[in-house]
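Colleague: Dropping in protein_39.cif, which is mmCIF, C-alpha atoms:
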```cif
data_model
loop_
_atom_site.group_PDB
_atom_site.id
_atom_site.type_symbol
_atom_site.label_atom_id
_atom_site.label_comp_id
_atom_site.auth_asym_id
_atom_site.auth_seq_id
_atom_site.Cartn_x
_atom_site.Cartn_y
_atom_site.Cartn_z
ATOM 1 C CA MET A 405 -7.531 -7.505 -19.279
ATOM 2 C CA LYS A 406 -9.297 -4.796 -17.348
ATOM 3 C CA ILE A 407 -7.161 -2.524 -15.150
ATOM 4 C CA THR A 408 -8.744 -0.462 -12.381
ATOM 5 C CA PHE A 409 -6.851 2.628 -11.253
ATOM 6 C CA LEU A 410 -7.759 4.008 -7.820
ATOM 7 C CA THR A 411 -6.823 7.177 -5.990
ATOM 8 C CA GLY A 412 -5.462 6.924 -2.469
ATOM 9 C CA ALA A 413 -8.875 7.752 -0.996
ATOM 10 C CA GLN A 414 -10.623 5.074 -3.072
ATOM 11 C CA LEU A 415 -8.010 2.463 -2.125
ATOM 12 C CA ALA A 416 -8.340 3.431 1.545
ATOM 13 C CA LYS A 417 -12.077 2.690 1.409
ATOM 14 C CA ARG A 418 -11.515 -0.729 -0.169
ATOM 15 C CA LEU A 419 -8.726 -1.762 2.224
ATOM 16 C CA HIS A 420 -10.184 -0.117 5.340
ATOM 17 C CA TYR A 421 -6.928 1.719 6.056
ATOM 18 C CA SER A 422 -6.444 5.450 6.311
ATOM 19 C CA GLU A 423 -5.195 7.220 3.228
ATOM 20 C CA ARG A 424 -2.223 8.458 5.237
ATOM 21 C CA HIS A 425 -1.250 4.878 6.237
ATOM 22 C CA ILE A 426 -1.336 3.809 2.593
ATOM 23 C CA ARG A 427 0.701 6.806 1.447
ATOM 24 C CA GLU A 428 3.346 6.719 4.209
ATOM 25 C CA TYR A 429 3.643 3.031 5.104
ATOM 26 C CA LEU A 430 2.315 0.673 2.445
ATOM 27 C CA LYS A 431 3.508 2.657 -0.581
ATOM 28 C CA ASP A 432 7.076 2.870 0.672
ATOM 29 C CA ARG A 433 7.413 -0.631 2.111
ATOM 30 C CA HIS A 434 5.066 -3.024 0.302
ATOM 31 C CA PHE A 435 3.934 -1.511 -2.970
ATOM 32 C CA VAL A 436 6.260 -1.416 -5.975
ATOM 33 C CA GLU A 437 6.136 1.500 -8.393
ATOM 34 C CA GLY A 438 5.091 0.276 -11.831
ATOM 35 C CA VAL A 439 3.396 -2.802 -10.346
ATOM 36 C CA HIS A 440 1.128 -1.597 -7.550
ATOM 37 C CA TYR A 441 1.023 2.104 -8.383
ATOM 38 C CA VAL A 442 1.981 4.589 -11.082
ATOM 39 C CA ARG A 443 2.901 8.248 -10.997
ATOM 40 C CA LEU A 444 1.398 10.290 -13.769
ATOM 41 C CA PRO A 445 4.006 12.159 -15.850
ATOM 42 C CA GLY A 446 4.278 15.791 -14.821
ATOM 43 C CA ALA A 447 1.961 15.349 -11.855
ATOM 44 C CA ARG A 448 2.333 14.433 -8.193
ATOM 45 C CA ARG A 449 -0.766 12.260 -8.225
ATOM 46 C CA ILE A 450 -0.363 8.542 -7.605
ATOM 47 C CA LEU A 451 -2.831 5.999 -8.961
ATOM 48 C CA TYR A 452 -2.976 2.484 -7.518
ATOM 49 C CA VAL A 453 -3.571 -0.639 -9.638
ATOM 50 C CA TRP A 454 -6.317 -2.554 -7.836
ATOM 51 C CA GLU A 455 -5.896 -5.921 -9.593
ATOM 52 C CA ASN A 456 -2.203 -6.214 -8.674
ATOM 53 C CA ILE A 457 -2.827 -5.209 -5.063
ATOM 54 C CA ALA A 458 -5.714 -7.682 -4.752
ATOM 55 C CA ASN A 459 -3.647 -10.521 -6.277
ATOM 56 C CA ASP A 460 -0.849 -9.910 -3.782
ATOM 57 C CA MET A 461 -3.301 -9.814 -0.885
ATOM 58 C CA LEU A 462 -4.793 -13.147 -1.936
ATOM 59 C CA GLY A 463 -1.356 -14.734 -1.957
ATOM 60 C CA ASN A 464 -0.802 -15.139 -5.675
ATOM 61 C CA LYS A 465 2.162 -17.559 -5.643
ATOM 62 C CA GLU A 466 3.441 -16.464 -9.050
ATOM 63 C CA ALA A 467 3.741 -12.847 -7.924
ATOM 64 C CA MET A 468 5.516 -13.897 -4.724
ATOM 65 C CA ASP A 469 8.218 -15.798 -6.655
ATOM 66 C CA THR A 470 9.436 -12.667 -8.425
ATOM 67 C CA ILE A 471 11.875 -10.033 -7.229
ATOM 68 C CA PRO A 472 11.280 -6.505 -8.574
ATOM 69 C CA MET A 473 14.327 -4.856 -10.127
ATOM 70 C CA ALA A 474 15.209 -1.165 -10.363
ATOM 71 C CA ASN A 475 14.693 -1.081 -14.150
ATOM 72 C CA GLY A 476 11.043 -2.150 -13.765
ATOM 73 C CA GLU A 477 11.552 -5.783 -14.744
ATOM 74 C CA VAL A 478 11.385 -8.763 -12.391
ATOM 75 C CA CYS A 479 13.823 -11.514 -11.506
ATOM 76 C CA HIS A 480 12.317 -14.988 -11.194
ATOM 77 C CA GLY A 481 14.261 -16.187 -8.139
#
```
Can I see the file as structure tokens?
Modeller:
Amino acid sequence: MKITFLTGAQLAKRLHYSERHIREYLKDRHFVEGVHYVRLPGARRILYVWENIANDMLGNKEAMDTIPMANGEVCHG
């Protein structure tokens, strides 16, 4: 499985949103850390996982049936 990591600027170009909108609105309300983005250890940089974001945008039913939990796992509700 190939995973594509994108910076905020690269994701902004693909989604046609501003980088600021992604950082302040989408990251805090719609993206889940560990699923849609990762923080590199010891750094402030955030990298976004393109495949997971694209699957959610396309309405992947399996992903919508899960509830993210604080420990990083998911609950199949």
Colleague: Which residues are close to Leu415 in chain A, i.e. within 10 Å by only C-alpha atoms, leaving aside same-chain residues fewer than 4 positions away? Reply as a VMD selection string.
Modeller: chain A and resid 409 to 411 419 to 423 426 451 to 454 457
Colleague: Just the residues within 12 Å of Asn475 in chain A, please, counting all atoms listed in the file, with nothing from its chain fewer than 2 positions along; format it as a list of chain:residue names.
Modeller: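 Residues near the query, excluding close chain neighbours: A:Val436, A:Glu437, A:Gly438, A:Ile471, A:Pro472, A:Met473, A:Glu477, A:Val478, A:Cys479.
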Colleague: What is the CA of Arg448 in chain A-CA of Lys406 in chain A distance in Å, reported with one decimal?
Modeller: 24.3 Å
Colleague: Which value, in Å to one decimal, gives the distance between CA of Arg424 in chain A and CA of Arg449 in chain A?
Modeller: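 Straight-line distance from CA of Arg424 in chain A to CA of Arg449 in chain A works out to 14.1 Å.
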Colleague: Just need the box for range 453-460 of chain A, edges along x, y and z, holding every atom the file lists for it with 5 Å tacked onto each side, so centre and edge lengths in Å to one decimal, as lines of an AutoDock Vina configuration file.
Modeller:
```
center_x = -3.6
center_y = -5.6
center_z = -6.7
size_x = 15.5
size_y = 19.9
size_z = 15.9
```
Colleague: What is the distance between CA of Gln414 in chain A and CA of Thr470 in chain A, in Å to one decimal?
Modeller: 27.3 Å
Colleague: Of the residues A:Leu444, A:Met405, A:Leu430, A:Val439, which is the one nearest to Asn456 in chain A, using only C-alpha atoms?
Modeller: A:Val439
